[in-house]
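One structure is given here, and the rest of the page talks about it.
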Amino acid sequence: MSAFKVAMRGTPLACRTLRPTTTPVRLQSLRYASSQGGGKKQGGSAGKFFGGMAAALLGAGAFVAFWPATQKEVAKPAQARIEYEKARPRPESKEDNRDLISSQHLQVKKSWEDPGVYAWGSNEGRVAAPDMADSSIKTPRRIKYFDGQLLRDIKLDREFGAAITEKGDLVQWGTAFSKEDPQPKPTLKGKDLTKLAISRDRILALGKNGTIYSVPVSGSDQASTAKTESSSWTSFWSSPSSASYRKIEIPSLGWGEGIADIASGLEHALILTTKGRVFSAASSTSDYPSKGQLGIPGLTWTTRPQGPYDAPHEISTLKGFNITQVAAGDYHSLALEKAGRVFVFGDNTSGQLGFEAEREIPYVDGPIPLPFSKIYAGTAQVPRVTSIAAGATKVASQSGQSDQSVALAPARDLGRVTADTWATGAGIYGSLGNGKWTHVTLGPTKIRPLSGLYEWDEHTKSIVPIRLARLSVGATHAAAVMANETSVGATNTSSENDINWGADVLFWGGNEHYQLGTGKRNNVNTPMYIGPLDGGLGDDLKGRKGEEHRLQITPRTTARLGPDGKGRKVSLEQRVECGRFVTAVYSGT
């Protein structure tokens with residue numbers, strides 16, 4: 001039984017619990033110490049209260065006695081200290097005032113003043129920080145080689161990186177490129193490249209003229225003038241390029257038909273033409289696609305036609321559909337048609353194709369439609385997918401870990417448009433973004449923080465849905481760039497309180513190599529914001545030290561580069577790229 005302390009008229013009474021006794025003891029008297037002076041006999045309601053308490057406690061077989069507490073001077077509480085906010089620097093101009101009042105404005109301004117590449121995550125292959133030996137880069141850090149540069153595209157693997165410069169040249173780095181010198185280095189030059197896709201050991205680069213170049217990841221392989229893996233390999237050399245490469249020839253292109261897009265998994269590639277046709281091909285030297293990801297039933301290494309083993313084959317099942325987007329995970333493929341239907345094929349061991357995985361049927365070797373209509377069954381909404389992306393949780397050798405796909409599905413409901421985001425596949429690292437940790441999915445699962453969002457549009461004076469501007473899905477993590485309202489029109493003639501702000505970016509999924517950029521290592525299963533790319537240094541200098549600010553990236557606009565805004569005039573935007581355990585934000589042209 002515990003001791004009690006009872007307060008009476010604001011004065012403490014001392015009490016103590018003694019060992020129980022078998023002989024009843026009468027409570028003779030009760031005295032207390034008063035803060036006002038001498039004591040008085042207890043009476044009235046207070047006396048009844050203590051008498052009742054004593055009876056109750058005695059009935060429980062315990063003796064309670066009260067002693068008068070010694071009178072002590074109550075210590076006065078410490079006087080509160082009032083801390084006033086330190087005066088912030090006095091603005092010297094309109095632009096300086098905007099920097100002082102808005103972190104978002106400062107971020108946009110810095111993206112124009114000093115474009116470049118920020119990277120973080122795994123650095124075991126010297127990709128996130130080529131000049132550092134640290135195994136991980138915990139928060140965004142600039143890659144010095146790209147300071148002041150605009151890029152057309154960038155792709156990141158755990159052991160190598162690849163980028164296309166503003167002039168259209170290929171730059172490679174990482175230990176898979178060169179263990180002796182993993183620093184960025186131009187390789188394929190003079191081809192006016194526009195887009196990249198990477199596989200296990202090769203890089204596919206799309207030229208502006210529609211030519212697809214297949215370049216080895218390894219620098220030593222590039223320097224070799226003869227290939228020994230297969231008699232079908234032939235090296236093509238072109239000055240001033242220092243790298244050997246192969247051209248991927250697309251058969252039977254129609255009049256005026258060119259190559260619109262490319263995508264690649266670990267072993268396969270998808271090629272989209274300007275006429276909406278889709279071709280697939282092997283994209284890796286070491287392994288031939290064997291999980292149905294080529295989309296051609298019965299096509300294997302032994303049944304392939306004569307000729308180069310990486311020769312493209314048209315996916316005949318998709319003929320007649322106007323395909324507008326393609327996406328490739330490690331071992332599965334997606335194709336989106338103009339009407340809003342999604343076709344899927346390849347590995348489905350984690351449900352990444354959008355339906356329940358079956359042990360007897362681990363993959364699908366021909367395109368089938370993803371059943372989005374069932375998701376909105378019983379509603380007046382008509383789903384229409386507008387964007388797709390794909391990634392993978394692990395490489396092929398690790399069983400039980402597979403791919404995930406993400407699709408954005410706006411639905412029409414009596415004139416009102418709702419933008420929803422769905423995900424399928426493995427989510428054990430939280431990469432589904434649905435707040436759960438699951439190995440497999442039975443069907444598309446909604447990412448609620450990215451669904452059903454609205455904002456007020458000042459231009460149309462109406463409420464509009466907030467869509468996604470871009471999805472990027474890496475090995476175990478993902479990022480969504482929101483298509484929220486942005487502003488980049490603040491000028492010297494506008495108000496000093498007229499500020500610029502960019503698009504919100506949210507990250508989620510695996511964080512085992514710090515690829516989410518939080519500085520921590522815990523995985524996150526729901527979309528979240530991270531801090532500014534400079535770690536808040538710019539805000540600290542403007543008197544906002546200790547305040548929390550979120551990353552926003554600059555939307556496409558025409559601006560002048562340089563700190564004084566007097567540099568060359570270019571059209572640029574910031575983009576997010578999630579790779580295999582590595583993340584980057586870069587200035588794109």
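Ordering of the structure tokens sets the chain letters (A, B, ...); residue numbers start at 1 within each chain; ligands are numbered from 1 in the order shown.
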| message | For the strand (DSSP E or B) assignment from backbone DSSP, which residues of range 163-325 of chain A qualify? Please present them as an MDAnalysis selection string. | response | chainID A and resid 163:165 170:173 185:186 193:198 202:207 212:216 236 245:248 259:264 268:273 278:282 313:314 323:325
Limited to N, CA and C atoms, could you put the picked residues into a file as a short mmCIF file (atom, residue, chain, number, x, y, z; two decimals), in the first residue's frame?
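This is the output file part06.cif:
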data_model
loop_
_atom_site.label_atom_id
_atom_site.label_comp_id
_atom_site.auth_asym_id
_atom_site.auth_seq_id
_atom_site.Cartn_x
_atom_site.Cartn_y
_atom_site.Cartn_z
N ALA A 163 25.02 10.15 -68.22
CA ALA A 163 24.31 11.41 -68.43
C ALA A 163 24.57 11.90 -69.85
N ILE A 164 23.62 12.70 -70.35
CA ILE A 164 23.78 13.34 -71.66
C ILE A 164 23.93 14.84 -71.43
N THR A 165 24.99 15.40 -71.94
CA THR A 165 25.25 16.81 -71.75
C THR A 165 24.32 17.65 -72.63
N LEU A 170 27.64 11.72 -74.41
CA LEU A 170 27.46 10.79 -73.30
C LEU A 170 28.61 10.93 -72.31
N VAL A 171 28.26 11.04 -71.02
CA VAL A 171 29.25 11.07 -69.94
C VAL A 171 28.99 9.87 -69.03
N GLN A 172 30.05 9.15 -68.65
CA GLN A 172 29.93 7.98 -67.78
C GLN A 172 30.87 8.11 -66.58
N TRP A 173 30.49 7.45 -65.48
CA TRP A 173 31.33 7.41 -64.29
C TRP A 173 30.93 6.24 -63.41
N LYS A 185 33.49 11.09 -67.23
CA LYS A 185 34.32 11.24 -68.42
C LYS A 185 33.44 11.13 -69.67
N PRO A 186 33.59 12.05 -70.63
CA PRO A 186 32.84 11.92 -71.89
C PRO A 186 33.30 10.69 -72.66
N LEU A 193 22.79 13.05 -78.74
CA LEU A 193 21.92 12.15 -77.99
C LEU A 193 20.85 12.93 -77.24
N THR A 194 19.70 12.31 -77.02
CA THR A 194 18.59 12.99 -76.34
C THR A 194 18.06 12.24 -75.13
N LYS A 195 18.18 10.90 -75.10
CA LYS A 195 17.56 10.12 -74.03
C LYS A 195 18.37 8.87 -73.75
N LEU A 196 18.34 8.44 -72.45
CA LEU A 196 19.09 7.28 -72.01
C LEU A 196 18.18 6.21 -71.43
N ALA A 197 18.63 4.96 -71.53
CA ALA A 197 18.06 3.82 -70.80
C ALA A 197 19.22 2.91 -70.46
N ILE A 198 19.21 2.31 -69.27
CA ILE A 198 20.34 1.47 -68.86
C ILE A 198 19.86 0.07 -68.51
N ARG A 202 24.88 -2.52 -70.20
CA ARG A 202 24.95 -1.68 -71.39
C ARG A 202 24.06 -0.46 -71.22
N ILE A 203 24.40 0.56 -71.99
CA ILE A 203 23.65 1.81 -72.00
C ILE A 203 23.04 1.99 -73.38
N LEU A 204 21.75 2.25 -73.42
CA LEU A 204 21.08 2.55 -74.69
C LEU A 204 20.88 4.05 -74.77
N ALA A 205 21.34 4.65 -75.84
CA ALA A 205 21.25 6.10 -76.02
C ALA A 205 20.53 6.39 -77.32
N LEU A 206 19.50 7.22 -77.24
CA LEU A 206 18.70 7.57 -78.42
C LEU A 206 19.20 8.89 -78.98
N GLY A 207 19.56 8.88 -80.27
CA GLY A 207 20.00 10.09 -80.94
C GLY A 207 18.83 10.90 -81.45
N ILE A 212 19.56 4.42 -82.35
CA ILE A 212 19.77 3.90 -81.00
C ILE A 212 21.16 3.30 -80.93
N TYR A 213 21.96 3.80 -79.97
CA TYR A 213 23.32 3.32 -79.79
C TYR A 213 23.37 2.47 -78.52
N SER A 214 23.99 1.29 -78.62
CA SER A 214 24.19 0.41 -77.48
C SER A 214 25.66 0.46 -77.10
N VAL A 215 25.93 1.01 -75.90
CA VAL A 215 27.30 1.27 -75.46
C VAL A 215 27.60 0.43 -74.23
N PRO A 216 28.74 -0.24 -74.16
CA PRO A 216 29.09 -1.00 -72.96
C PRO A 216 29.26 -0.07 -71.76
N PHE A 236 31.55 -0.55 -84.01
CA PHE A 236 31.46 0.57 -84.92
C PHE A 236 32.23 1.73 -84.30
N TYR A 245 30.59 1.05 -80.00
CA TYR A 245 29.15 0.95 -79.77
C TYR A 245 28.52 0.11 -80.86
N ARG A 246 27.29 -0.25 -80.64
CA ARG A 246 26.49 -0.95 -81.64
C ARG A 246 25.27 -0.10 -81.97
N LYS A 247 24.82 -0.16 -83.19
CA LYS A 247 23.58 0.47 -83.58
C LYS A 247 22.46 -0.56 -83.52
N ILE A 248 21.36 -0.20 -82.87
CA ILE A 248 20.20 -1.08 -82.83
C ILE A 248 19.29 -0.69 -83.99
N ILE A 259 11.85 7.02 -84.06
CA ILE A 259 11.85 6.49 -82.70
C ILE A 259 11.48 7.60 -81.74
N ALA A 260 10.44 7.35 -80.94
CA ALA A 260 9.94 8.36 -80.01
C ALA A 260 10.49 8.18 -78.61
N ASP A 261 10.73 6.93 -78.18
CA ASP A 261 11.14 6.72 -76.80
C ASP A 261 11.78 5.35 -76.65
N ILE A 262 12.58 5.20 -75.59
CA ILE A 262 13.18 3.91 -75.24
C ILE A 262 13.08 3.73 -73.73
N ALA A 263 13.01 2.47 -73.30
CA ALA A 263 13.00 2.13 -71.88
C ALA A 263 13.71 0.79 -71.74
N SER A 264 14.32 0.55 -70.56
CA SER A 264 15.09 -0.68 -70.41
C SER A 264 14.99 -1.24 -69.01
N HIS A 268 16.18 -6.40 -70.93
CA HIS A 268 15.38 -6.14 -72.13
C HIS A 268 15.15 -4.65 -72.31
N ALA A 269 14.77 -4.28 -73.53
CA ALA A 269 14.48 -2.89 -73.85
C ALA A 269 13.18 -2.82 -74.64
N LEU A 270 12.45 -1.71 -74.45
CA LEU A 270 11.25 -1.42 -75.23
C LEU A 270 11.53 -0.18 -76.07
N ILE A 271 11.09 -0.23 -77.32
CA ILE A 271 11.33 0.86 -78.26
C ILE A 271 9.98 1.29 -78.83
N LEU A 272 9.65 2.57 -78.67
CA LEU A 272 8.37 3.11 -79.12
C LEU A 272 8.60 3.99 -80.34
N THR A 273 7.81 3.78 -81.39
CA THR A 273 7.95 4.59 -82.60
C THR A 273 6.95 5.74 -82.59
N VAL A 278 5.38 -0.74 -80.98
CA VAL A 278 6.32 -1.10 -79.92
C VAL A 278 7.18 -2.28 -80.37
N PHE A 279 8.51 -2.14 -80.19
CA PHE A 279 9.46 -3.21 -80.44
C PHE A 279 10.16 -3.54 -79.12
N SER A 280 10.61 -4.78 -79.00
CA SER A 280 11.38 -5.19 -77.83
C SER A 280 12.66 -5.87 -78.29
N ALA A 281 13.67 -5.79 -77.43
CA ALA A 281 14.97 -6.37 -77.78
C ALA A 281 15.74 -6.71 -76.51
N ALA A 282 16.72 -7.59 -76.65
CA ALA A 282 17.65 -7.86 -75.55
C ALA A 282 18.55 -6.64 -75.38
N HIS A 313 12.28 -6.89 -82.16
CA HIS A 313 11.15 -7.61 -82.72
C HIS A 313 9.88 -6.83 -82.38
N GLU A 314 9.02 -6.64 -83.36
CA GLU A 314 7.78 -5.91 -83.09
C GLU A 314 6.84 -6.79 -82.27
N ILE A 323 0.07 3.27 -79.07
CA ILE A 323 0.81 3.32 -77.81
C ILE A 323 1.53 4.66 -77.69
N THR A 324 1.38 5.30 -76.53
CA THR A 324 1.98 6.63 -76.31
C THR A 324 3.11 6.61 -75.29
N GLN A 325 3.16 5.61 -74.41
CA GLN A 325 4.23 5.52 -73.41
C GLN A 325 4.61 4.06 -73.20
#
| Sel. of alpha helix (DSSP H) residues, range 357-585 of chain A, as JSON, numbers by chain | {"A": [372, 373, 374, 375, 537, 538, 539, 540, 541]}
| Long-range neighbours of range 153-162 of chain A as a ChimeraX atom specification, 10 Å cut-off, only C-alpha atoms, 6 positions minimum in chain | /A:117,119,121-128,130,168,170-179,182,184-187,193-201,203,205,217-218,474-475,575-589
| request: Find the residues around range 482-495 of chain A up to 7 Å (only C-alpha atoms counted), leave out those fewer than 5 positions away in its own chain, and share them as a list in words. | output: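 Listed by chain and then number, they are Ile466, Arg467, Leu468, Ala469, Asn500, Trp501, Gly502, Ala503, Asp504 and Val505 of chain A.
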With N, CA and C atoms retained, write the just-selected residues as a short mmCIF file (atom, residue, chain, number, x, y, z; two decimals), in the first residue's frame.
data_model
loop_
_atom_site.label_atom_id
_atom_site.label_comp_id
_atom_site.auth_asym_id
_atom_site.auth_seq_id
_atom_site.Cartn_x
_atom_site.Cartn_y
_atom_site.Cartn_z
N ILE A 466 -5.10 18.15 -58.60
CA ILE A 466 -3.64 18.21 -58.65
C ILE A 466 -3.15 16.87 -59.20
N ARG A 467 -2.60 16.90 -60.38
CA ARG A 467 -2.08 15.69 -61.00
C ARG A 467 -0.61 15.52 -60.65
N LEU A 468 -0.01 14.48 -61.19
CA LEU A 468 1.43 14.28 -61.07
C LEU A 468 2.09 14.73 -62.35
N ALA A 469 3.12 15.55 -62.23
CA ALA A 469 3.86 15.98 -63.41
C ALA A 469 4.79 14.87 -63.89
N ASN A 500 8.58 33.71 -56.41
CA ASN A 500 8.54 32.50 -57.24
C ASN A 500 8.45 31.28 -56.33
N TRP A 501 7.80 30.25 -56.81
CA TRP A 501 7.83 28.96 -56.11
C TRP A 501 7.67 27.84 -57.13
N GLY A 502 8.15 26.65 -56.75
CA GLY A 502 8.20 25.54 -57.68
C GLY A 502 7.21 24.45 -57.37
N ALA A 503 7.50 23.26 -57.91
CA ALA A 503 6.63 22.09 -57.77
C ALA A 503 7.05 21.26 -56.57
N ASP A 504 6.08 20.76 -55.82
CA ASP A 504 6.36 19.90 -54.67
C ASP A 504 6.87 18.53 -55.12
N VAL A 505 7.78 17.98 -54.34
CA VAL A 505 8.33 16.65 -54.60
C VAL A 505 8.18 15.80 -53.35
#
| Counting only C-alpha atoms, what is within 10 Å of range 340-346 of chain A, bar same-chain residues fewer than 4 positions away, as a PyMOL selection string? | chain A and resi 289-296+318+321+323-336+352-354+362-373+383-388+405+407+409-410
Next, write the just-selected residues to a file, as a PDB file, in the first residue's frame, keeping C-alpha atoms as the atom set.
ATOM      1  CA  PRO A 289      15.380 -12.120 -71.452  1.00  0.00           C
ATOM      2  CA  SER A 290      13.556 -15.227 -70.288  1.00  0.00           C
ATOM      3  CA  LYS A 291      10.606 -14.024 -68.175  1.00  0.00           C
ATOM      4  CA  GLY A 292       8.207 -12.907 -70.887  1.00  0.00           C
ATOM      5  CA  GLN A 293       9.293  -9.279 -70.709  1.00  0.00           C
ATOM      6  CA  LEU A 294       9.857  -9.151 -74.487  1.00  0.00           C
ATOM      7  CA  GLY A 295       6.102  -9.571 -75.021  1.00  0.00           C
ATOM      8  CA  ILE A 296       6.534 -12.174 -77.773  1.00  0.00           C
ATOM      9  CA  LEU A 318      -0.043  -4.385 -79.755  1.00  0.00           C
ATOM     10  CA  PHE A 321      -3.226   0.259 -80.629  1.00  0.00           C
ATOM     11  CA  ILE A 323       0.809   3.317 -77.809  1.00  0.00           C
ATOM     12  CA  THR A 324       1.979   6.625 -76.306  1.00  0.00           C
ATOM     13  CA  GLN A 325       4.227   5.515 -73.414  1.00  0.00           C
ATOM     14  CA  VAL A 326       6.352   2.508 -72.496  1.00  0.00           C
ATOM     15  CA  ALA A 327       7.956   1.599 -69.172  1.00  0.00           C
ATOM     16  CA  ALA A 328      10.227  -1.251 -68.113  1.00  0.00           C
ATOM     17  CA  GLY A 329      10.954  -2.734 -64.718  1.00  0.00           C
ATOM     18  CA  ASP A 330      13.739  -5.212 -64.120  1.00  0.00           C
ATOM     19  CA  TYR A 331      11.784  -8.074 -65.674  1.00  0.00           C
ATOM     20  CA  HIS A 332       8.387  -6.695 -66.670  1.00  0.00           C
ATOM     21  CA  SER A 333       6.969  -4.229 -69.175  1.00  0.00           C
ATOM     22  CA  LEU A 334       4.113  -1.748 -69.507  1.00  0.00           C
ATOM     23  CA  ALA A 335       2.608  -0.016 -72.529  1.00  0.00           C
ATOM     24  CA  LEU A 336       0.043   2.778 -72.358  1.00  0.00           C
ATOM     25  CA  GLN A 352       3.573  -6.207 -60.404  1.00  0.00           C
ATOM     26  CA  LEU A 353       1.407  -6.800 -63.484  1.00  0.00           C
ATOM     27  CA  GLY A 354      -1.650  -5.755 -61.488  1.00  0.00           C
ATOM     28  CA  PRO A 362       5.056 -16.817 -62.733  1.00  0.00           C
ATOM     29  CA  TYR A 363       5.119 -14.620 -65.838  1.00  0.00           C
ATOM     30  CA  VAL A 364       3.036 -13.607 -68.845  1.00  0.00           C
ATOM     31  CA  ASP A 365       4.818 -13.593 -72.214  1.00  0.00           C
ATOM     32  CA  GLY A 366       2.217 -11.603 -74.140  1.00  0.00           C
ATOM     33  CA  PRO A 367       0.538  -8.225 -73.472  1.00  0.00           C
ATOM     34  CA  ILE A 368      -2.724  -8.303 -71.532  1.00  0.00           C
ATOM     35  CA  PRO A 369      -4.802  -5.291 -70.386  1.00  0.00           C
ATOM     36  CA  LEU A 370      -4.553  -4.230 -66.756  1.00  0.00           C
ATOM     37  CA  PRO A 371      -8.144  -4.368 -65.390  1.00  0.00           C
ATOM     38  CA  PHE A 372      -8.541  -0.780 -64.144  1.00  0.00           C
ATOM     39  CA  SER A 373     -12.277  -0.821 -64.883  1.00  0.00           C
ATOM     40  CA  PRO A 383     -10.860   5.438 -65.499  1.00  0.00           C
ATOM     41  CA  ARG A 384      -8.275   6.626 -67.999  1.00  0.00           C
ATOM     42  CA  VAL A 385      -4.606   6.099 -67.249  1.00  0.00           C
ATOM     43  CA  THR A 386      -2.417   9.023 -68.267  1.00  0.00           C
ATOM     44  CA  SER A 387       1.058   8.108 -67.004  1.00  0.00           C
ATOM     45  CA  ILE A 388       3.054   4.979 -66.153  1.00  0.00           C
ATOM     46  CA  SER A 405       4.717  -0.505 -61.231  1.00  0.00           C
ATOM     47  CA  ALA A 407       0.251   4.311 -62.730  1.00  0.00           C
ATOM     48  CA  ALA A 409      -5.367   7.171 -63.285  1.00  0.00           C
ATOM     49  CA  PRO A 410      -7.634  10.196 -63.576  1.00  0.00           C
TER      50      PRO A 410
END
Enumerate, in order of chain and increasing residue number, the residues of range 135-187 of chain A with an atom no farther than 12 Å from range 522-534 of chain A, each with its shortest atom pair and distance in Å to one decimal, counting only C-alpha atoms, as a Markdown table.
| residue | atom | partner | partner_atom | distance |
| --- | --- | --- | --- | --- |
| A:Lys138 | CA | A:Asn522 | CA | 11.8 |
| A:Thr139 | CA | A:Leu533 | CA | 8.1 |
| A:Pro140 | CA | A:Leu533 | CA | 5.6 |
| A:Arg141 | CA | A:Leu533 | CA | 7.6 |
| A:Arg142 | CA | A:Asp534 | CA | 8.9 |
| request: Rank A:Arg277, A:Lys461, A:Arg544, A:Arg359 by their smallest atom-to-atom distance to Leu100 in chain A, using only C-alpha atoms, and report the top residue only. | output: A:Arg544
| What gap, in Å, lies between CA of Glu548 in chain A and CA of Ser103 in chain A? |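 Distance reported for this atom pair: 9.6 Å.
CA of Ala423 in chain A lies 11.2 Å from CA of Val440 in chain A.
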| task | Would you kindly return, as a ChimeraX atom specification, each protein, DNA or RNA residue with an atom no farther than 8 Å from any atom of Gly452 in chain A, considering only C-alpha atoms and excluding same-chain residues fewer than 3 positions away? | result | /A:418-420,448,465-466
| request: Using only C-alpha atoms, find the one residue out of A:Leu572, A:Ala478, A:Ile499, A:Ile463 that sits nearest to Tyr429 in chain A. | output: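 Answer, going by the shortest atom-to-atom distance: A:Ala478.
Using only C-alpha atoms, the nearest neighbour of Gly536 in chain A within the list A:Gln104, A:Thr379, A:Asn209, A:Ser431 is A:Gln104.
Among the candidates A:Asn511, A:Thr441, A:Lys94, A:Asp114, the residue lying nearest to Leu561 in chain A is A:Asp114 (atoms considered: only C-alpha atoms).
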